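J.: See model.cif below, with mmCIF, N, CA and C atoms.
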```cif
data_work
#
loop_
_atom_site.group_PDB
_atom_site.id
_atom_site.type_symbol
_atom_site.label_atom_id
_atom_site.label_comp_id
_atom_site.auth_asym_id
_atom_site.auth_seq_id
_atom_site.Cartn_x
_atom_site.Cartn_y
_atom_site.Cartn_z
ATOM 1 N N MET A 374 0.812 -1.200 0.000
ATOM 2 C CA MET A 374 0.000 0.000 0.000
ATOM 3 C C MET A 374 0.853 1.259 0.000
ATOM 4 N N SER A 375 2.167 1.108 0.100
ATOM 5 C CA SER A 375 3.030 2.292 0.113
ATOM 6 C C SER A 375 3.035 3.019 -1.224
ATOM 7 N N VAL A 376 2.528 2.401 -2.280
ATOM 8 C CA VAL A 376 2.494 3.036 -3.592
ATOM 9 C C VAL A 376 1.076 3.419 -4.010
ATOM 10 N N ALA A 377 0.140 3.401 -3.097
ATOM 11 C CA ALA A 377 -1.262 3.655 -3.432
ATOM 12 C C ALA A 377 -1.500 5.077 -3.936
ATOM 13 N N ASP A 378 -0.656 6.021 -3.580
ATOM 14 C CA ASP A 378 -0.874 7.423 -3.944
ATOM 15 C C ASP A 378 -0.058 7.893 -5.148
ATOM 16 N N VAL A 379 0.540 6.989 -5.900
ATOM 17 C CA VAL A 379 1.402 7.422 -7.000
ATOM 18 C C VAL A 379 0.644 7.718 -8.286
ATOM 19 N N GLY A 380 -0.642 7.379 -8.346
ATOM 20 C CA GLY A 380 -1.428 7.665 -9.528
ATOM 21 C C GLY A 380 -1.380 6.583 -10.581
ATOM 22 N N TRP A 381 -0.848 5.430 -10.234
ATOM 23 C CA TRP A 381 -0.814 4.306 -11.166
ATOM 24 C C TRP A 381 -2.058 3.456 -10.980
ATOM 25 N N GLY A 382 -2.433 2.719 -12.015
ATOM 26 C CA GLY A 382 -3.519 1.764 -11.898
ATOM 27 C C GLY A 382 -3.053 0.536 -11.131
ATOM 28 N N MET A 383 -3.950 -0.051 -10.353
ATOM 29 C CA MET A 383 -3.606 -1.243 -9.575
ATOM 30 C C MET A 383 -4.674 -2.304 -9.789
ATOM 31 N N ILE A 384 -4.240 -3.485 -10.179
ATOM 32 C CA ILE A 384 -5.146 -4.616 -10.356
ATOM 33 C C ILE A 384 -4.734 -5.683 -9.346
ATOM 34 N N PHE A 385 -5.657 -6.078 -8.478
ATOM 35 C CA PHE A 385 -5.365 -7.050 -7.431
ATOM 36 C C PHE A 385 -5.895 -8.427 -7.807
ATOM 37 N N ALA A 386 -5.010 -9.410 -7.809
ATOM 38 C CA ALA A 386 -5.390 -10.779 -8.141
ATOM 39 C C ALA A 386 -5.624 -11.583 -6.856
ATOM 40 N N ARG A 387 -6.622 -12.478 -6.911
ATOM 41 C CA ARG A 387 -6.903 -13.343 -5.763
ATOM 42 C C ARG A 387 -6.055 -14.601 -5.755
ATOM 43 N N ASN A 388 -5.537 -14.988 -6.929
ATOM 44 C CA ASN A 388 -4.752 -16.221 -7.009
ATOM 45 C C ASN A 388 -3.779 -16.105 -8.174
ATOM 46 N N ALA A 389 -2.987 -17.150 -8.353
ATOM 47 C CA ALA A 389 -1.965 -17.126 -9.399
ATOM 48 C C ALA A 389 -2.581 -17.078 -10.796
ATOM 49 N N GLN A 390 -3.718 -17.722 -10.992
ATOM 50 C CA GLN A 390 -4.371 -17.696 -12.302
ATOM 51 C C GLN A 390 -4.775 -16.271 -12.679
ATOM 52 N N GLU A 391 -5.383 -15.570 -11.739
ATOM 53 C CA GLU A 391 -5.768 -14.181 -12.005
ATOM 54 C C GLU A 391 -4.543 -13.306 -12.246
ATOM 55 N N ALA A 392 -3.489 -13.526 -11.480
ATOM 56 C CA ALA A 392 -2.270 -12.726 -11.668
ATOM 57 C C ALA A 392 -1.712 -12.930 -13.069
ATOM 58 N N GLY A 393 -1.728 -14.168 -13.542
ATOM 59 C CA GLY A 393 -1.262 -14.442 -14.899
ATOM 60 C C GLY A 393 -2.143 -13.793 -15.945
ATOM 61 N N ASP A 394 -3.455 -13.874 -15.767
ATOM 62 C CA ASP A 394 -4.387 -13.262 -16.714
ATOM 63 C C ASP A 394 -4.280 -11.742 -16.697
ATOM 64 N N PHE A 395 -4.122 -11.180 -15.508
ATOM 65 C CA PHE A 395 -4.052 -9.733 -15.372
ATOM 66 C C PHE A 395 -2.768 -9.149 -15.950
ATOM 67 N N CYS A 396 -1.732 -9.974 -16.141
ATOM 68 C CA CYS A 396 -0.502 -9.459 -16.762
ATOM 69 C C CYS A 396 -0.806 -8.872 -18.140
ATOM 70 N N LEU A 397 -1.535 -9.633 -18.933
ATOM 71 C CA LEU A 397 -1.875 -9.152 -20.270
ATOM 72 C C LEU A 397 -2.827 -7.961 -20.203
ATOM 73 N N ILE A 398 -3.810 -8.050 -19.325
ATOM 74 C CA ILE A 398 -4.806 -6.982 -19.218
ATOM 75 C C ILE A 398 -4.163 -5.686 -18.753
ATOM 76 N N SER A 399 -3.302 -5.761 -17.739
ATOM 77 C CA SER A 399 -2.673 -4.540 -17.225
ATOM 78 C C SER A 399 -1.713 -3.947 -18.250
ATOM 79 N N ARG A 400 -1.020 -4.783 -18.993
ATOM 80 C CA ARG A 400 -0.107 -4.274 -20.025
ATOM 81 C C ARG A 400 -0.872 -3.532 -21.113
ATOM 82 N N ARG A 401 -1.928 -4.154 -21.596
ATOM 83 C CA ARG A 401 -2.698 -3.532 -22.674
ATOM 84 C C ARG A 401 -3.390 -2.254 -22.189
ATOM 85 N N THR A 402 -3.900 -2.266 -20.994
ATOM 86 C CA THR A 402 -4.555 -1.083 -20.431
ATOM 87 C C THR A 402 -3.553 0.047 -20.233
ATOM 88 N N ALA A 403 -2.380 -0.284 -19.712
ATOM 89 C CA ALA A 403 -1.346 0.731 -19.495
ATOM 90 C C ALA A 403 -0.936 1.390 -20.807
ATOM 91 N N GLU A 404 -0.819 0.590 -21.854
ATOM 92 C CA GLU A 404 -0.447 1.150 -23.148
ATOM 93 C C GLU A 404 -1.570 1.997 -23.738
ATOM 94 N N ALA A 405 -2.819 1.582 -23.521
ATOM 95 C CA ALA A 405 -3.957 2.316 -24.085
ATOM 96 C C ALA A 405 -4.135 3.682 -23.429
ATOM 97 N N CYS A 406 -3.934 3.763 -22.111
ATOM 98 C CA CYS A 406 -4.163 5.033 -21.411
ATOM 99 C C CYS A 406 -2.867 5.740 -21.036
ATOM 100 N N GLN A 407 -1.723 5.163 -21.399
ATOM 101 C CA GLN A 407 -0.406 5.715 -21.094
ATOM 102 C C GLN A 407 -0.248 6.026 -19.610
ATOM 103 N N THR A 408 -0.720 5.091 -18.800
ATOM 104 C CA THR A 408 -0.579 5.177 -17.352
ATOM 105 C C THR A 408 -0.002 3.860 -16.852
ATOM 106 N N PRO A 409 1.048 3.880 -16.040
ATOM 107 C CA PRO A 409 1.602 2.624 -15.532
ATOM 108 C C PRO A 409 0.593 1.860 -14.677
ATOM 109 N N PHE A 410 0.709 0.550 -14.653
ATOM 110 C CA PHE A 410 -0.169 -0.304 -13.862
ATOM 111 C C PHE A 410 0.638 -1.278 -13.025
ATOM 112 N N PHE A 411 0.139 -1.543 -11.835
ATOM 113 C CA PHE A 411 0.653 -2.616 -10.993
ATOM 114 C C PHE A 411 -0.258 -3.821 -11.154
ATOM 115 N N ASN A 412 0.332 -4.985 -11.229
ATOM 116 C CA ASN A 412 -0.409 -6.240 -11.206
ATOM 117 C C ASN A 412 -0.016 -6.905 -9.893
ATOM 118 N N VAL A 413 -0.926 -6.952 -8.921
ATOM 119 C CA VAL A 413 -0.584 -7.292 -7.551
ATOM 120 C C VAL A 413 -1.248 -8.596 -7.112
ATOM 121 N N GLN A 414 -0.460 -9.440 -6.439
ATOM 122 C CA GLN A 414 -1.002 -10.618 -5.760
ATOM 123 C C GLN A 414 -0.400 -10.647 -4.363
ATOM 124 N N ASP A 415 -1.141 -11.155 -3.408
ATOM 125 C CA ASP A 415 -0.692 -11.232 -2.025
ATOM 126 C C ASP A 415 0.616 -12.012 -1.933
ATOM 127 N N GLY A 416 1.574 -11.480 -1.218
ATOM 128 C CA GLY A 416 2.876 -12.120 -1.085
ATOM 129 C C GLY A 416 2.830 -13.462 -0.392
ATOM 130 N N PHE A 417 1.954 -13.620 0.591
ATOM 131 C CA PHE A 417 1.849 -14.906 1.296
ATOM 132 C C PHE A 417 1.391 -15.993 0.336
ATOM 133 N N LEU A 418 0.405 -15.690 -0.501
ATOM 134 C CA LEU A 418 -0.062 -16.684 -1.460
ATOM 135 C C LEU A 418 1.034 -17.060 -2.448
ATOM 136 N N THR A 419 1.819 -16.094 -2.848
ATOM 137 C CA THR A 419 2.886 -16.347 -3.811
ATOM 138 C C THR A 419 3.945 -17.279 -3.229
ATOM 139 N N THR A 420 4.276 -17.090 -1.968
ATOM 140 C CA THR A 420 5.382 -17.846 -1.378
ATOM 141 C C THR A 420 4.966 -19.103 -0.627
ATOM 142 N N HIS A 421 3.690 -19.249 -0.276
ATOM 143 C CA HIS A 421 3.292 -20.375 0.573
ATOM 144 C C HIS A 421 2.243 -21.301 -0.030
ATOM 145 N N THR A 422 1.903 -21.132 -1.274
ATOM 146 C CA THR A 422 0.927 -22.021 -1.888
ATOM 147 C C THR A 422 1.448 -22.521 -3.233
ATOM 148 N N VAL A 423 0.913 -23.654 -3.652
ATOM 149 C CA VAL A 423 1.240 -24.214 -4.957
ATOM 150 C C VAL A 423 -0.060 -24.270 -5.738
ATOM 151 N N GLU A 424 -0.086 -23.632 -6.896
ATOM 152 C CA GLU A 424 -1.294 -23.582 -7.707
ATOM 153 C C GLU A 424 -0.977 -23.940 -9.152
ATOM 154 N N THR A 425 -1.925 -24.534 -9.811
ATOM 155 C CA THR A 425 -1.812 -24.797 -11.231
ATOM 156 C C THR A 425 -2.330 -23.581 -11.989
ATOM 157 N N VAL A 426 -1.573 -23.155 -12.978
ATOM 158 C CA VAL A 426 -1.934 -21.976 -13.754
ATOM 159 C C VAL A 426 -1.941 -22.358 -15.230
ATOM 160 N N ARG A 427 -2.970 -21.936 -15.917
ATOM 161 C CA ARG A 427 -3.055 -22.149 -17.363
ATOM 162 C C ARG A 427 -2.782 -20.817 -18.050
ATOM 163 N N LEU A 428 -1.629 -20.716 -18.670
ATOM 164 C CA LEU A 428 -1.268 -19.488 -19.368
ATOM 165 C C LEU A 428 -1.811 -19.526 -20.786
ATOM 166 N N PRO A 429 -2.152 -18.363 -21.339
ATOM 167 C CA PRO A 429 -2.634 -18.316 -22.731
ATOM 168 C C PRO A 429 -1.533 -18.760 -23.694
ATOM 169 N N GLU A 430 -1.951 -19.185 -24.862
ATOM 170 C CA GLU A 430 -0.987 -19.583 -25.884
ATOM 171 C C GLU A 430 -0.174 -18.371 -26.329
ATOM 172 N N LEU A 431 1.050 -18.634 -26.746
ATOM 173 C CA LEU A 431 1.953 -17.563 -27.149
ATOM 174 C C LEU A 431 1.372 -16.743 -28.299
ATOM 175 N N GLU A 432 0.748 -17.391 -29.256
ATOM 176 C CA GLU A 432 0.169 -16.671 -30.394
ATOM 177 C C GLU A 432 -0.955 -15.729 -29.952
ATOM 178 N N PHE A 433 -1.781 -16.183 -28.998
ATOM 179 C CA PHE A 433 -2.848 -15.319 -28.481
ATOM 180 C C PHE A 433 -2.247 -14.104 -27.783
ATOM 181 N N MET A 434 -1.205 -14.330 -26.974
ATOM 182 C CA MET A 434 -0.581 -13.220 -26.264
ATOM 183 C C MET A 434 -0.012 -12.197 -27.251
ATOM 184 N N LYS A 435 0.644 -12.664 -28.293
ATOM 185 C CA LYS A 435 1.202 -11.747 -29.289
ATOM 186 C C LYS A 435 0.103 -10.955 -29.992
ATOM 187 N N GLU A 436 -0.996 -11.616 -30.307
ATOM 188 C CA GLU A 436 -2.108 -10.937 -30.970
ATOM 189 C C GLU A 436 -2.791 -9.940 -30.037
ATOM 190 N N TYR A 437 -2.979 -10.320 -28.786
ATOM 191 C CA TYR A 437 -3.670 -9.472 -27.814
ATOM 192 C C TYR A 437 -2.856 -8.217 -27.495
ATOM 193 N N ILE A 438 -1.562 -8.383 -27.291
ATOM 194 C CA ILE A 438 -0.704 -7.248 -26.939
ATOM 195 C C ILE A 438 -0.350 -6.417 -28.162
ATOM 196 N N GLY A 439 -0.109 -7.060 -29.273
ATOM 197 C CA GLY A 439 0.280 -6.330 -30.470
ATOM 198 C C GLY A 439 1.769 -6.053 -30.499
ATOM 199 N N ASP A 440 2.180 -5.298 -31.487
ATOM 200 C CA ASP A 440 3.589 -4.968 -31.641
ATOM 201 C C ASP A 440 3.950 -3.792 -30.741
ATOM 202 N N PRO A 441 4.862 -3.987 -29.785
ATOM 203 C CA PRO A 441 5.225 -2.887 -28.874
ATOM 204 C C PRO A 441 5.774 -1.659 -29.594
ATOM 205 N N LYS A 442 6.406 -1.851 -30.745
ATOM 206 C CA LYS A 442 6.977 -0.718 -31.476
ATOM 207 C C LYS A 442 5.909 0.282 -31.907
ATOM 208 N N GLU A 443 4.679 -0.183 -32.091
ATOM 209 C CA GLU A 443 3.595 0.705 -32.499
ATOM 210 C C GLU A 443 3.059 1.541 -31.343
ATOM 211 N N LYS A 444 3.362 1.147 -30.101
ATOM 212 C CA LYS A 444 2.774 1.812 -28.939
ATOM 213 C C LYS A 444 3.763 2.627 -28.126
ATOM 214 N N LEU A 445 5.043 2.434 -28.367
ATOM 215 C CA LEU A 445 6.040 3.155 -27.582
ATOM 216 C C LEU A 445 6.055 4.627 -27.965
ATOM 217 N N VAL A 446 6.127 5.476 -26.968
ATOM 218 C CA VAL A 446 6.188 6.916 -27.188
ATOM 219 C C VAL A 446 7.526 7.402 -26.658
ATOM 220 N N ASN A 447 8.317 7.989 -27.523
ATOM 221 C CA ASN A 447 9.607 8.515 -27.125
ATOM 222 C C ASN A 447 9.408 9.928 -26.578
ATOM 223 N N LEU A 448 9.578 10.086 -25.286
ATOM 224 C CA LEU A 448 9.392 11.389 -24.657
ATOM 225 C C LEU A 448 10.662 12.230 -24.674
ATOM 226 N N MET A 449 11.739 11.672 -25.181
ATOM 227 C CA MET A 449 13.005 12.400 -25.245
ATOM 228 C C MET A 449 13.221 12.875 -26.678
ATOM 229 N N ASP A 450 12.663 14.034 -27.002
ATOM 230 C CA ASP A 450 12.766 14.603 -28.345
ATOM 231 C C ASP A 450 13.741 15.775 -28.293
ATOM 232 N N THR A 451 14.909 15.602 -28.881
ATOM 233 C CA THR A 451 15.916 16.662 -28.826
ATOM 234 C C THR A 451 15.507 17.896 -29.619
ATOM 235 N N ALA A 452 14.612 17.729 -30.586
ATOM 236 C CA ALA A 452 14.142 18.874 -31.359
ATOM 237 C C ALA A 452 13.110 19.699 -30.593
ATOM 238 N N ASN A 453 12.483 19.095 -29.579
ATOM 239 C CA ASN A 453 11.462 19.776 -28.791
ATOM 240 C C ASN A 453 11.659 19.433 -27.309
ATOM 241 N N PRO A 454 12.689 20.002 -26.665
ATOM 242 C CA PRO A 454 12.966 19.653 -25.277
ATOM 243 C C PRO A 454 11.889 20.189 -24.325
ATOM 244 N N VAL A 455 11.575 19.409 -23.320
ATOM 245 C CA VAL A 455 10.603 19.814 -22.306
ATOM 246 C C VAL A 455 11.177 19.529 -20.933
ATOM 247 N N MET A 456 10.615 20.201 -19.936
ATOM 248 C CA MET A 456 11.026 19.967 -18.560
ATOM 249 C C MET A 456 9.909 19.217 -17.864
ATOM 250 N N SER A 457 10.242 18.130 -17.218
ATOM 251 C CA SER A 457 9.222 17.349 -16.509
ATOM 252 C C SER A 457 8.929 17.971 -15.154
ATOM 253 N N ALA A 458 7.813 17.587 -14.575
ATOM 254 C CA ALA A 458 7.448 18.096 -13.252
ATOM 255 C C ALA A 458 8.489 17.674 -12.230
ATOM 256 N N TRP A 459 9.049 16.472 -12.367
ATOM 257 C CA TRP A 459 10.039 15.989 -11.407
ATOM 258 C C TRP A 459 11.283 16.866 -11.442
ATOM 259 N N SER A 460 11.747 17.251 -12.603
ATOM 260 C CA SER A 460 12.943 18.082 -12.668
ATOM 261 C C SER A 460 12.685 19.479 -12.115
ATOM 262 N N ARG A 461 11.451 19.981 -12.256
ATOM 263 C CA ARG A 461 11.125 21.286 -11.669
ATOM 264 C C ARG A 461 11.131 21.208 -10.146
ATOM 265 N N ILE A 462 10.649 20.122 -9.601
ATOM 266 C CA ILE A 462 10.637 19.954 -8.143
ATOM 267 C C ILE A 462 12.064 19.885 -7.624
ATOM 268 N N ARG A 463 12.917 19.153 -8.313
ATOM 269 C CA ARG A 463 14.294 18.978 -7.859
ATOM 270 C C ARG A 463 15.070 20.279 -7.931
ATOM 271 N N THR A 464 14.796 21.166 -8.891
ATOM 272 C CA THR A 464 15.537 22.390 -9.027
ATOM 273 C C THR A 464 15.151 23.422 -7.961
ATOM 274 N N ARG A 465 13.979 23.253 -7.370
ATOM 275 C CA ARG A 465 13.546 24.205 -6.331
ATOM 276 C C ARG A 465 14.225 23.953 -4.993
ATOM 277 N N THR A 466 14.650 22.742 -4.750
ATOM 278 C CA THR A 466 15.225 22.425 -3.433
ATOM 279 C C THR A 466 16.706 22.615 -3.394
#
```
Transcribe the structure of this file into C-alpha cells.

T.:
Amino acid sequence: MSVADVGWGMIFARNAQEAGDFCLISRRTAEACQTPFFNVQDGFLTTHTVETVRLPELEFMKEYIGDPKEKLVNLMDTANPVMSAWSRIRTRT
C-alpha cells in the first residue's frame, strides 16, 4: 500500500491464475491510457501455496498485446525539449 498514492492503476489478483491473466490486461490497459499499472497478488499466497496456472498460448498473447513498437512513445525529443514536473521539483530544493 506504500504506492497507493502514485497515480498508477492497480489490479489485485486473488490467485496465481488471475495474476497471470491480469498481466496481459494490465499491459494492454497501461499502453492504451499511457498510465503505468501494478499487477498485484498477495505475497503470502505467492510464497506459501502451490497452484496450477493455465497461461494463454503464445500466439494469443502476441495478438492481444500487439507490436510494442507501435505503442512506444519517445518522450526524449531533442528537437522539442521539455522539462518534466520531477525536474522542476528537484531544481527548487

J.: So how many Å separate CA of Tyr437 (chain A) and atom N of Glu424 (chain A), to one decimal?

T.: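 Taking CA of Tyr437 (chain A) as the start and atom N of Glu424 (chain A) as the end point, the length is 25.5 Å.
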
J.: Please determine, counting only C-alpha atoms, which residue among A:Asn412, A:Gln407, A:Thr425, A:Thr451 has the shortest atom-to-atom distance to Ile384 (chain A).

T.: A:Asn412

J.: Do you know which residues lie at most 6.5 Å from (-2.0, -10.1, -7.5), with coordinates as in the file and only N, CA and C atoms counted, and could you write them as a list in words?

T.: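 The distance filter leaves exactly Ile384, Phe385, Ala386, Arg387, Asn388, Glu391, Ala392, Asn412, Val413, Gln414 and Asp415 of chain A.
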
J.: Hey, could you make a per-residue contact list for region 383-413 of chain A against region 430-435 of chain A with 12 Å as the cut-off, showing the nearest pair of atoms and its distance in Å to one decimal, counting only C-alpha atoms, sorted by chain and number, as a tab-separated table?

T.:
```
residue	atom	partner	partner_atom	distance
A:Gly393	CA	A:Met434	CA	11.5
A:Asp394	CA	A:Met434	CA	10.3
A:Phe395	CA	A:Met434	CA	12.0
A:Cys396	CA	A:Met434	CA	10.2
A:Leu397	CA	A:Met434	CA	7.4
A:Ile398	CA	A:Met434	CA	10.3
A:Arg400	CA	A:Met434	CA	10.9
A:Arg401	CA	A:Met434	CA	10.5
```

J.: With a distance cut-off of 12 Å and only C-alpha atoms, select the neighbouring residues of Ala405 (chain A), excluding the residue or stretch itself and same-chain residues fewer than 2 positions from it, and output the selection as a PDB file with N, CA and C atoms, in the frame of the given file.

T.:
```pdb
ATOM      1  N   ILE A 398      -3.810  -8.050 -19.325  1.00  0.00           N
ATOM      2  CA  ILE A 398      -4.806  -6.982 -19.218  1.00  0.00           C
ATOM      3  C   ILE A 398      -4.163  -5.686 -18.753  1.00  0.00           C
ATOM      4  N   SER A 399      -3.302  -5.761 -17.739  1.00  0.00           N
ATOM      5  CA  SER A 399      -2.673  -4.540 -17.225  1.00  0.00           C
ATOM      6  C   SER A 399      -1.713  -3.947 -18.250  1.00  0.00           C
ATOM      7  N   ARG A 400      -1.020  -4.783 -18.993  1.00  0.00           N
ATOM      8  CA  ARG A 400      -0.107  -4.274 -20.025  1.00  0.00           C
ATOM      9  C   ARG A 400      -0.872  -3.532 -21.113  1.00  0.00           C
ATOM     10  N   ARG A 401      -1.928  -4.154 -21.596  1.00  0.00           N
ATOM     11  CA  ARG A 401      -2.698  -3.532 -22.674  1.00  0.00           C
ATOM     12  C   ARG A 401      -3.390  -2.254 -22.189  1.00  0.00           C
ATOM     13  N   THR A 402      -3.900  -2.266 -20.994  1.00  0.00           N
ATOM     14  CA  THR A 402      -4.555  -1.083 -20.431  1.00  0.00           C
ATOM     15  C   THR A 402      -3.553   0.047 -20.233  1.00  0.00           C
ATOM     16  N   ALA A 403      -2.380  -0.284 -19.712  1.00  0.00           N
ATOM     17  CA  ALA A 403      -1.346   0.731 -19.495  1.00  0.00           C
ATOM     18  C   ALA A 403      -0.936   1.390 -20.807  1.00  0.00           C
ATOM     19  N   GLN A 407      -1.723   5.163 -21.399  1.00  0.00           N
ATOM     20  CA  GLN A 407      -0.406   5.715 -21.094  1.00  0.00           C
ATOM     21  C   GLN A 407      -0.248   6.026 -19.610  1.00  0.00           C
ATOM     22  N   THR A 408      -0.720   5.091 -18.800  1.00  0.00           N
ATOM     23  CA  THR A 408      -0.579   5.177 -17.352  1.00  0.00           C
ATOM     24  C   THR A 408      -0.002   3.860 -16.852  1.00  0.00           C
ATOM     25  N   PRO A 409       1.048   3.880 -16.040  1.00  0.00           N
ATOM     26  CA  PRO A 409       1.602   2.624 -15.532  1.00  0.00           C
ATOM     27  C   PRO A 409       0.593   1.860 -14.677  1.00  0.00           C
ATOM     28  N   PHE A 410       0.709   0.550 -14.653  1.00  0.00           N
ATOM     29  CA  PHE A 410      -0.169  -0.304 -13.862  1.00  0.00           C
ATOM     30  C   PHE A 410       0.638  -1.278 -13.025  1.00  0.00           C
ATOM     31  N   ILE A 438      -1.562  -8.383 -27.291  1.00  0.00           N
ATOM     32  CA  ILE A 438      -0.704  -7.248 -26.939  1.00  0.00           C
ATOM     33  C   ILE A 438      -0.350  -6.417 -28.162  1.00  0.00           C
ATOM     34  N   GLY A 439      -0.109  -7.060 -29.273  1.00  0.00           N
ATOM     35  CA  GLY A 439       0.280  -6.330 -30.470  1.00  0.00           C
ATOM     36  C   GLY A 439       1.769  -6.053 -30.499  1.00  0.00           C
ATOM     37  N   PRO A 441       4.862  -3.987 -29.785  1.00  0.00           N
ATOM     38  CA  PRO A 441       5.225  -2.887 -28.874  1.00  0.00           C
ATOM     39  C   PRO A 441       5.774  -1.659 -29.594  1.00  0.00           C
ATOM     40  N   GLU A 443       4.679  -0.183 -32.091  1.00  0.00           N
ATOM     41  CA  GLU A 443       3.595   0.705 -32.499  1.00  0.00           C
ATOM     42  C   GLU A 443       3.059   1.541 -31.343  1.00  0.00           C
ATOM     43  N   LYS A 444       3.362   1.147 -30.101  1.00  0.00           N
ATOM     44  CA  LYS A 444       2.774   1.812 -28.939  1.00  0.00           C
ATOM     45  C   LYS A 444       3.763   2.627 -28.126  1.00  0.00           C
ATOM     46  N   LEU A 445       5.043   2.434 -28.367  1.00  0.00           N
ATOM     47  CA  LEU A 445       6.040   3.155 -27.582  1.00  0.00           C
ATOM     48  C   LEU A 445       6.055   4.627 -27.965  1.00  0.00           C
ATOM     49  N   VAL A 446       6.127   5.476 -26.968  1.00  0.00           N
ATOM     50  CA  VAL A 446       6.188   6.916 -27.188  1.00  0.00           C
ATOM     51  C   VAL A 446       7.526   7.402 -26.658  1.00  0.00           C
TER      52      VAL A 446
END
```

J.: By how many Å are CA of Phe417 (chain A) and CA of Pro429 (chain A) apart?

T.: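 Distance between the two atoms: 24.7 Å.
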
J.: One decimal, in Å: what's the spacing between atom N of Thr419 (chain A) and atom N of Glu404 (chain A)?

T.: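 Answer for the atom N of Thr419 (chain A) to atom N of Glu404 (chain A) separation: 25.4 Å.
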